[in-house]
$ cat data-v6.tsv   # TSV, C-alpha atoms and all ligand atoms
chain	number	residue	atom	x	y	z
M	1	MET	CA	116.45	104.31	107.64
M	2	THR	CA	117.83	102.05	110.33
M	3	PRO	CA	121.20	102.83	111.95
M	4	ASP	CA	124.07	100.67	110.60
M	5	VAL	CA	121.90	99.02	107.97
M	6	ARG	CA	122.87	99.34	104.29
M	7	PRO	CA	119.71	100.28	102.37
M	8	LEU	CA	118.66	98.37	99.26
M	9	VAL	CA	117.06	100.04	96.26
M	10	ALA	CA	115.50	97.25	94.19
M	11	GLY	CA	113.63	97.24	90.90
M	12	ASN	CA	111.01	94.63	90.07
M	13	TRP	CA	110.43	94.65	86.33
M	14	LYS	CA	107.50	92.21	86.59
M	15	MET	CA	106.42	90.88	83.14
M	16	ASN	CA	108.10	93.73	81.30
M	17	GLY	CA	111.27	93.87	79.26
M	18	THR	CA	112.72	92.35	76.12
M	19	ARG	CA	116.31	92.26	74.88
M	20	ALA	CA	115.91	95.92	73.88
M	21	SER	CA	115.53	96.76	77.59
M	22	LEU	CA	119.04	95.53	78.33
M	23	ASP	CA	120.15	99.08	77.46
M	24	GLN	CA	118.34	100.24	80.60
M	25	ILE	CA	120.11	97.64	82.73
M	26	LYS	CA	123.42	98.72	81.23
M	27	ALA	CA	122.66	102.36	82.04
M	28	ILE	CA	121.67	101.47	85.61
M	29	ALA	CA	124.80	99.32	86.03
M	30	GLU	CA	126.90	102.31	84.95
M	31	GLY	CA	124.84	104.84	86.89
M	32	VAL	CA	125.30	103.12	90.25
M	33	GLN	CA	129.08	103.07	89.87
M	34	THR	CA	129.39	105.97	92.30
M	35	PRO	CA	130.78	106.33	95.84
M	36	LEU	CA	127.15	105.98	97.03
M	37	SER	CA	127.26	102.27	96.12
M	38	VAL	CA	129.40	101.61	99.19
M	39	LYS	CA	126.52	102.83	101.34
M	40	VAL	CA	123.46	101.83	99.29
M	41	GLU	CA	122.92	98.57	97.43
M	42	ALA	CA	121.17	98.48	94.04
M	43	LEU	CA	119.32	95.54	92.50
M	44	ILE	CA	117.26	94.90	89.38
M	45	CYS	CA	115.01	91.85	89.00
M	46	PRO	CA	114.31	91.53	85.27
M	47	PRO	CA	112.14	88.76	83.77
M	48	ALA	CA	113.81	85.34	83.80
M	49	THR	CA	114.49	85.52	80.06
M	50	LEU	CA	116.97	88.36	80.66
M	51	LEU	CA	118.56	87.08	83.86
M	52	TYR	CA	121.71	85.50	82.49
M	53	VAL	CA	122.50	88.27	80.02
M	54	ALA	CA	121.78	90.91	82.67
M	55	THR	CA	124.28	89.42	85.12
M	56	ALA	CA	126.88	89.35	82.34
M	57	LEU	CA	126.34	93.09	81.84
M	58	CYS	CA	127.02	93.74	85.53
M	59	THR	CA	130.34	92.00	86.06
M	60	ASP	CA	132.10	95.36	86.57
M	61	SER	CA	129.22	97.05	88.39
M	62	PRO	CA	127.93	96.98	91.96
M	63	LEU	CA	124.43	96.44	90.51
M	64	ALA	CA	123.04	93.09	91.71
M	65	ILE	CA	120.63	91.06	89.59
M	66	GLY	CA	117.84	88.89	90.92
M	67	ALA	CA	114.75	86.94	89.89
M	68	GLN	CA	111.08	87.54	90.61
M	69	ASP	CA	110.09	84.09	91.88
M	70	CYS	CA	111.44	80.59	92.41
M	71	HIS	CA	109.97	77.13	92.93
M	72	GLN	CA	110.17	75.62	96.39
M	73	ASN	CA	111.90	72.47	95.08
M	74	PRO	CA	115.49	72.35	93.79
M	75	SER	CA	114.56	70.50	90.56
M	76	GLY	CA	111.99	68.15	89.08
M	77	ALA	CA	108.82	67.87	87.02
M	78	HIS	CA	107.49	71.43	87.35
M	79	THR	CA	106.90	72.70	83.84
M	80	GLY	CA	107.51	76.40	83.44
M	81	ASP	CA	109.04	76.91	86.87
M	82	LEU	CA	112.48	78.09	87.86
M	83	SER	CA	114.50	76.79	90.81
M	84	ALA	CA	116.61	78.89	93.15
M	85	GLU	CA	119.63	76.89	91.99
M	86	MET	CA	118.96	77.95	88.39
M	87	ILE	CA	118.89	81.59	89.46
M	88	ALA	CA	122.18	81.18	91.32
M	89	ASP	CA	123.59	79.37	88.29
M	90	CYS	CA	122.84	82.52	86.22
M	91	PHE	CA	124.76	84.52	88.88
M	92	GLY	CA	121.57	86.01	90.30
M	93	THR	CA	121.97	86.83	93.98
M	94	TYR	CA	118.41	87.75	95.01
M	95	VAL	CA	114.92	86.40	94.45
M	96	ILE	CA	111.59	88.04	95.22
M	97	VAL	CA	109.08	85.64	96.82
M	98	GLY	CA	105.44	86.13	97.73
M	99	HIS	CA	104.78	89.25	95.69
M	100	SER	CA	101.08	90.11	95.97
M	101	GLU	CA	100.68	89.56	92.22
M	102	ARG	CA	101.89	85.97	92.65
M	103	ARG	CA	99.76	85.51	95.76
M	104	THR	CA	96.75	86.60	93.66
M	105	ASP	CA	97.55	85.26	90.17
M	106	HIS	CA	98.91	81.91	91.39
M	107	ALA	CA	97.09	81.52	94.71
M	108	GLU	CA	100.37	81.45	96.65
M	109	THR	CA	99.89	80.97	100.38
M	110	ASP	CA	102.09	82.11	103.26
M	111	HIS	CA	103.14	78.48	103.68
M	112	LEU	CA	104.30	78.23	100.07
M	113	VAL	CA	106.06	81.60	100.21
M	114	ARG	CA	107.97	80.42	103.27
M	115	ALA	CA	109.03	77.24	101.43
M	116	LYS	CA	110.22	79.35	98.49
M	117	ALA	CA	112.26	81.56	100.83
M	118	GLU	CA	113.82	78.43	102.35
M	119	ALA	CA	114.68	77.19	98.84
M	120	ALA	CA	116.33	80.54	98.17
M	121	PHE	CA	118.41	80.26	101.36
M	122	ALA	CA	119.49	76.73	100.40
M	123	ALA	CA	120.78	78.09	97.07
M	124	GLU	CA	122.58	80.93	98.90
M	125	LEU	CA	120.28	83.57	97.45
M	126	THR	CA	118.84	86.45	99.45
M	127	ALA	CA	115.04	86.22	99.51
M	128	ILE	CA	112.94	89.38	99.36
M	129	VAL	CA	109.75	88.28	101.11
M	130	CYS	CA	106.79	90.49	100.16
M	131	ILE	CA	103.88	91.21	102.47
M	132	GLY	CA	101.11	93.80	102.57
M	133	GLU	CA	97.42	94.28	103.11
M	134	THR	CA	94.70	94.82	100.48
M	135	ALA	CA	92.47	97.91	100.35
M	136	ASP	CA	89.55	95.98	101.89
M	137	GLU	CA	91.70	94.67	104.71
M	138	ARG	CA	92.91	98.17	105.40
M	139	LYS	CA	89.37	99.58	105.35
M	140	ALA	CA	88.37	96.90	107.85
M	141	GLY	CA	91.14	98.07	110.18
M	142	GLN	CA	93.07	94.80	109.74
M	143	ALA	CA	96.28	96.12	108.18
M	144	LEU	CA	98.55	95.36	111.14
M	145	ASP	CA	96.90	91.96	111.74
M	146	ILE	CA	97.56	90.98	108.12
M	147	ILE	CA	101.15	92.22	108.31
M	148	LYS	CA	101.68	90.25	111.52
M	149	ARG	CA	100.24	87.05	110.05
M	150	GLN	CA	102.15	87.29	106.76
M	151	LEU	CA	105.40	88.19	108.50
M	152	SER	CA	105.19	85.31	110.92
M	153	ALA	CA	103.95	82.73	108.40
M	154	SER	CA	105.93	83.71	105.26
M	155	VAL	CA	109.34	84.40	106.80
M	156	PRO	CA	111.34	81.28	107.74
M	157	ASP	CA	112.84	80.79	111.21
M	158	SER	CA	116.26	80.63	109.51
M	159	ALA	CA	115.98	84.24	108.22
M	160	THR	CA	119.00	86.45	108.93
M	161	PRO	CA	119.98	90.01	107.92
M	162	GLU	CA	122.14	88.44	105.19
M	163	ASN	CA	119.69	86.01	103.59
M	164	ALA	CA	116.36	87.80	104.04
M	165	VAL	CA	114.81	91.16	103.20
M	166	ILE	CA	111.19	92.08	103.93
M	167	ALA	CA	109.28	94.18	101.40
M	168	TYR	CA	106.15	95.88	102.72
M	169	GLU	CA	103.92	96.58	99.75
M	170	PRO	CA	100.37	97.66	100.56
M	171	VAL	CA	98.48	96.07	97.64
M	172	TRP	CA	96.37	99.20	97.13
M	173	ALA	CA	99.53	101.29	96.59
M	174	ILE	CA	100.96	99.06	93.84
M	175	GLY	CA	100.75	100.65	90.41
M	176	THR	CA	98.10	103.13	91.55
M	177	GLY	CA	100.18	106.26	92.10
M	178	VAL	CA	98.72	106.35	95.62
M	179	THR	CA	101.03	105.94	98.60
M	180	PRO	CA	100.31	105.71	102.31
M	181	THR	CA	101.09	108.83	104.34
M	182	VAL	CA	104.54	109.08	105.88
M	183	GLU	CA	102.89	108.53	109.27
M	184	ASP	CA	101.24	105.32	108.06
M	185	VAL	CA	104.51	104.03	106.58
M	186	GLU	CA	106.30	104.87	109.81
M	187	LYS	CA	103.67	103.05	111.87
M	188	ALA	CA	103.70	99.93	109.68
M	189	HIS	CA	107.51	99.73	109.57
M	190	ALA	CA	107.87	100.31	113.33
M	191	PHE	CA	105.38	97.49	113.87
M	192	MET	CA	107.30	95.14	111.55
M	193	ARG	CA	110.56	96.04	113.27
M	194	SER	CA	109.13	95.22	116.68
M	195	GLU	CA	107.79	91.90	115.36
M	196	LEU	CA	111.18	91.03	113.86
M	197	VAL	CA	113.05	91.93	117.04
M	198	ALA	CA	110.59	89.92	119.16
M	199	ARG	CA	111.23	86.89	116.95
M	200	PHE	CA	114.87	87.20	115.92
M	201	GLY	CA	116.41	89.29	118.71
M	202	ASP	CA	119.36	91.49	117.68
M	203	ALA	CA	119.30	90.05	114.15
M	204	GLY	CA	115.77	91.41	113.81
M	205	LYS	CA	117.17	94.93	114.24
M	206	LYS	CA	119.21	94.49	111.05
M	207	ILE	CA	116.84	92.69	108.70
M	208	ARG	CA	116.07	95.22	106.00
M	209	ILE	CA	112.46	96.30	105.54
M	210	LEU	CA	111.79	97.86	102.13
M	211	TYR	CA	108.76	99.94	101.24
M	212	GLY	CA	107.09	99.26	97.86
M	213	GLY	CA	104.09	100.75	96.06
M	214	SER	CA	104.19	103.77	93.73
M	215	VAL	CA	107.72	104.82	94.68
M	216	LYS	CA	108.91	107.43	92.18
M	217	PRO	CA	111.61	110.09	91.96
M	218	SER	CA	109.27	112.72	93.42
M	219	ASN	CA	108.45	110.83	96.65
M	220	ALA	CA	111.61	108.75	97.13
M	221	LYS	CA	113.42	111.07	99.51
M	222	GLU	CA	110.40	111.46	101.77
M	223	LEU	CA	109.63	107.72	101.88
M	224	MET	CA	113.25	106.53	102.19
M	225	GLY	CA	113.84	108.98	105.03
M	226	VAL	CA	111.23	107.31	107.25
M	227	ALA	CA	112.52	105.38	110.29
M	228	ASN	CA	112.83	101.63	109.64
M	229	VAL	CA	112.45	102.07	105.87
M	230	ASP	CA	115.63	100.45	104.57
M	231	GLY	CA	115.10	100.97	100.87
M	232	ALA	CA	112.51	100.51	98.16
M	233	LEU	CA	111.01	97.84	95.93
M	234	ILE	CA	110.13	99.73	92.77
M	235	GLY	CA	107.88	98.52	89.97
M	236	GLY	CA	107.00	100.90	87.14
M	237	ALA	CA	109.65	103.50	87.93
M	238	SER	CA	112.44	100.91	87.76
M	239	LEU	CA	111.92	100.28	84.04
M	240	LYS	CA	113.58	103.54	83.03
M	241	ALA	CA	117.21	103.95	84.08
M	242	THR	CA	116.80	107.69	84.66
M	243	ASP	CA	113.89	107.15	87.09
M	244	PHE	CA	115.58	104.28	88.93
M	245	LEU	CA	118.79	106.27	89.26
M	246	ALA	CA	116.90	109.34	90.49
M	247	ILE	CA	115.31	107.22	93.25
M	248	TYR	CA	118.68	105.65	94.09
M	249	GLY	CA	120.23	109.13	94.13
M	250	ALA	CA	117.72	110.29	96.76
M	251	TYR	CA	120.10	108.68	99.26
M	252	ASP	CA	122.79	111.20	98.31
M	253	ALA	CA	120.81	113.85	100.16
M	254	LEU	CA	119.64	111.51	102.94
M	255	LEU	CA	123.12	110.26	103.81
M	256	SER	CA	125.08	113.48	103.44
K	1	LIG	O1	104.84	95.93	93.11
K	1	LIG	C1	105.74	96.75	93.17
K	1	LIG	C2	107.15	96.34	93.26
K	1	LIG	O2	107.27	95.00	93.55
K	1	LIG	C3	105.44	98.21	93.14
K	1	LIG	O3	105.02	98.54	91.88
K	1	LIG	P1	104.87	100.10	91.47
K	1	LIG	O4	106.15	100.78	91.90
K	1	LIG	O5	104.67	100.09	89.99
K	1	LIG	O6	103.71	100.63	92.25
$ encode --input "data-v6.tsv" --output "structure tokens"
Amino acid sequence: MTPDVRPLVAGNWKMNGTRASLDQIKAIAEGVQTPLSVKVEALICPPATLLYVATALCTDSPLAIGAQDCHQNPSGAHTGDLSAEMIADCFGTYVIVGHSERRTDHAETDHLVRAKAEAAFAAELTAIVCIGETADERKAGQALDIIKRQLSASVPDSATPENAVIAYEPVWAIGTGVTPTVEDVEKAHAFMRSELVARFGDAGKKIRILYGGSVKPSNAKELMGVANVDGALIGGASLKATDFLAIYGAYDALLS
């Protein structure tokens, strides 16, 4: 945690979820209607097909809804893509950019990820910019170098604590059930914090840095309690309302 920073617990549903899954969003929207929501923000990023209906389910809930990607341009001939304006038009308030699966599946570069984050800012969305090293990069002792490069090249100069969130997701921890040690998470997040402060000054102290990769109810309290970990980006465990709410609820103990 970072002093005076409101943590964000975010779910990334990836390419999962049909209309039947809206029940889970409804349950999460109801489940986060607790006093904890003043202190901890909750977000679900369903597939684009569910975005508009999901926001309609959350009108009376503090649960925010976001998208998983956006195009760097506001409109035009880009078949199959989604603009940041379209997400905002569906009442989405966040968009994930530069997830490692998009960097791999769609060859997204740091440069493109930065342009997508800028498009998000222009549409008044908050961009969750994902970074993280692969297993090979880690084995080669390059983890911090990769983090430094991705952070500096993927995050726009216009990032602020309001419009930008960083998600550190070591690629080897995604969907594997394996997480870094608490010491490794602490080291990586302290490094990112120092990089952000060096670049953005006081604002860099408040930009949220989420941890992602095999977060589940059983490890949430330990991981979320680490210094400079300002929440989670959850994949698999965000698909079930009970699991997501258990992770969210870990802050009950951490903040009491
Ligand atoms: O990629 C992730 C979230 O964006 C993490 O996925 P898992 O929580 O399934 O490991």
$ atom_distance --input "data-v6.tsv" --atom1 "atom CA of M:Ala120" --atom2 "atom CA of M:Val95"
7.1 Å
$ closest_atom_pairs --input "data-v6.tsv" --of "chain M" --to "ligand LIG 1 (chain K)" --cutoff "10 Å" --atoms "all atoms listed in the file" --output "CSV"
residue,atom,partner,partner_atom,distance
M:Ala10,CA,K:LIG1,C2,8.5
M:Gly11,CA,K:LIG1,C2,7.0
M:Asn12,CA,K:LIG1,O2,5.1
M:Trp13,CA,K:LIG1,C2,7.9
M:Lys14,CA,K:LIG1,O2,7.5
M:Cys45,CA,K:LIG1,O2,9.5
M:Gln68,CA,K:LIG1,O2,8.9
M:Ile96,CA,K:LIG1,O2,8.4
M:Gly98,CA,K:LIG1,O2,10.0
M:His99,CA,K:LIG1,O2,6.6
M:Ser100,CA,K:LIG1,O1,7.5
M:Glu101,CA,K:LIG1,O1,7.7
M:Ile128,CA,K:LIG1,O2,9.9
M:Cys130,CA,K:LIG1,O2,8.0
M:Ala167,CA,K:LIG1,O2,8.1
M:Tyr168,CA,K:LIG1,O2,9.3
M:Glu169,CA,K:LIG1,O1,6.7
M:Pro170,CA,K:LIG1,O1,8.9
M:Val171,CA,K:LIG1,O1,7.8
M:Trp172,CA,K:LIG1,O6,8.9
M:Ala173,CA,K:LIG1,O6,6.1
M:Ile174,CA,K:LIG1,O6,3.5
M:Gly175,CA,K:LIG1,O6,3.5
M:Thr176,CA,K:LIG1,O6,6.2
M:Gly177,CA,K:LIG1,O6,6.6
M:Val178,CA,K:LIG1,O6,8.3
M:Thr179,CA,K:LIG1,O6,8.7
M:Tyr211,CA,K:LIG1,C2,8.9
M:Gly212,CA,K:LIG1,C3,5.1
M:Gly213,CA,K:LIG1,O6,3.8
M:Ser214,CA,K:LIG1,O6,3.5
M:Val215,CA,K:LIG1,O4,5.1
M:Lys216,CA,K:LIG1,O4,7.2
M:Ala232,CA,K:LIG1,C2,8.4
M:Leu233,CA,K:LIG1,C2,4.9
M:Ile234,CA,K:LIG1,O4,4.2
M:Gly235,CA,K:LIG1,O4,3.4
M:Gly236,CA,K:LIG1,O5,3.8
M:Ala237,CA,K:LIG1,O4,6.0
M:Ser238,CA,K:LIG1,O4,7.5
M:Leu239,CA,K:LIG1,O5,9.4
$ closest_residue --input "data-v6.tsv" --among "M:Gly92, M:Phe191, M:Ser218, M:Ile166" --to "M:Lys206" --atoms "only C-alpha atoms"
M:Ile166
$ atom_distance --input "data-v6.tsv" --atom1 "atom CA of M:Gly76" --atom2 "atom CA of M:Thr49"
19.7 Å
$ closest_residue --input "data-v6.tsv" --among "M:Ala135, M:Ile209, M:Phe200, M:Ala29" --to "M:Phe244" --atoms "only C-alpha atoms"
M:Ala29
$ atom_distance --input "data-v6.tsv" --atom1 "atom CA of M:Arg103" --atom2 "atom CA of M:Gln142"
18.1 Å
$ residues_around --input "data-v6.tsv" --residues "M:Met1" --least-positions-apart "2" --cutoff "9 Å" --atoms "all atoms listed in the file" --output "number ranges by chain"
M: 3-7, 224-231
$ residues_around --input "data-v6.tsv" --residues "M:Ala119" --least-positions-apart "3" --cutoff "9 Å" --atoms "all atoms listed in the file" --output "list of chain:residue names"
M:Cys70, M:His71, M:Gln72, M:Asn73, M:Pro74, M:Ser83, M:Ala84, M:Glu85, M:Arg114, M:Ala115, M:Lys116, M:Ala122, M:Ala123, M:Glu124, M:Leu125
$ closest_residue --input "data-v6.tsv" --among "M:Ala107, M:Phe91, M:Glu222, M:Val32" --to "M:Leu254" --atoms "only C-alpha atoms"
M:Glu222
$ residues_near_point --input "data-v6.tsv" --point "(118.5, 94.8, 90.7)" --cutoff "7 Å" --atoms "all atoms listed in the file" --output "VMD selection string"
chain M and resid 10 to 11 42 to 45 63 to 66
$ residues_around --input "data-v6.tsv" --residues "M:Val113" --least-positions-apart "6" --cutoff "8 Å" --atoms "all atoms listed in the file" --output "mmCIF file with C-alpha atoms, in the frame of the given file"
data_model
loop_
_atom_site.group_PDB
_atom_site.id
_atom_site.type_symbol
_atom_site.label_atom_id
_atom_site.label_comp_id
_atom_site.auth_asym_id
_atom_site.auth_seq_id
_atom_site.Cartn_x
_atom_site.Cartn_y
_atom_site.Cartn_z
ATOM 1 C CA VAL M 97 109.080 85.640 96.820
ATOM 2 C CA GLY M 98 105.440 86.130 97.730
ATOM 3 C CA VAL M 129 109.750 88.280 101.110
ATOM 4 C CA SER M 154 105.930 83.710 105.260
ATOM 5 C CA VAL M 155 109.340 84.400 106.800
#
$ residues_near_point --input "data-v6.tsv" --point "(125.5, 110.3, 90.4)" --cutoff "7 Å" --atoms "all atoms listed in the file" --output "list of chain:residue names"
M:Gly31, M:Thr34, M:Gly249
$ write_last_selection --input "data-v6.tsv" --atoms "C-alpha atoms" --output "compact mmCIF listing (two decimals), in the coordinates of the input"
# COMPACT_ATOMS: atom_id res chain seq x y z
CA GLY M 31 124.84 104.84 86.89
CA THR M 34 129.39 105.97 92.30
CA GLY M 249 120.23 109.13 94.13
$ axis_aligned_box --input "data-v6.tsv" --around "stretch 89-104 of chain M" --padding-each-side "6 Å" --output "lines of an AutoDock Vina configuration file"
center_x = 110.8
center_y = 84.7
center_z = 92.0
size_x = 40.0
size_y = 22.7
size_z = 23.5
$ closest_residue --input "data-v6.tsv" --among "M:Thr126, M:Gln33, M:Thr79, M:Thr18" --to "M:Ile207" --atoms "only C-alpha atoms"
M:Thr126
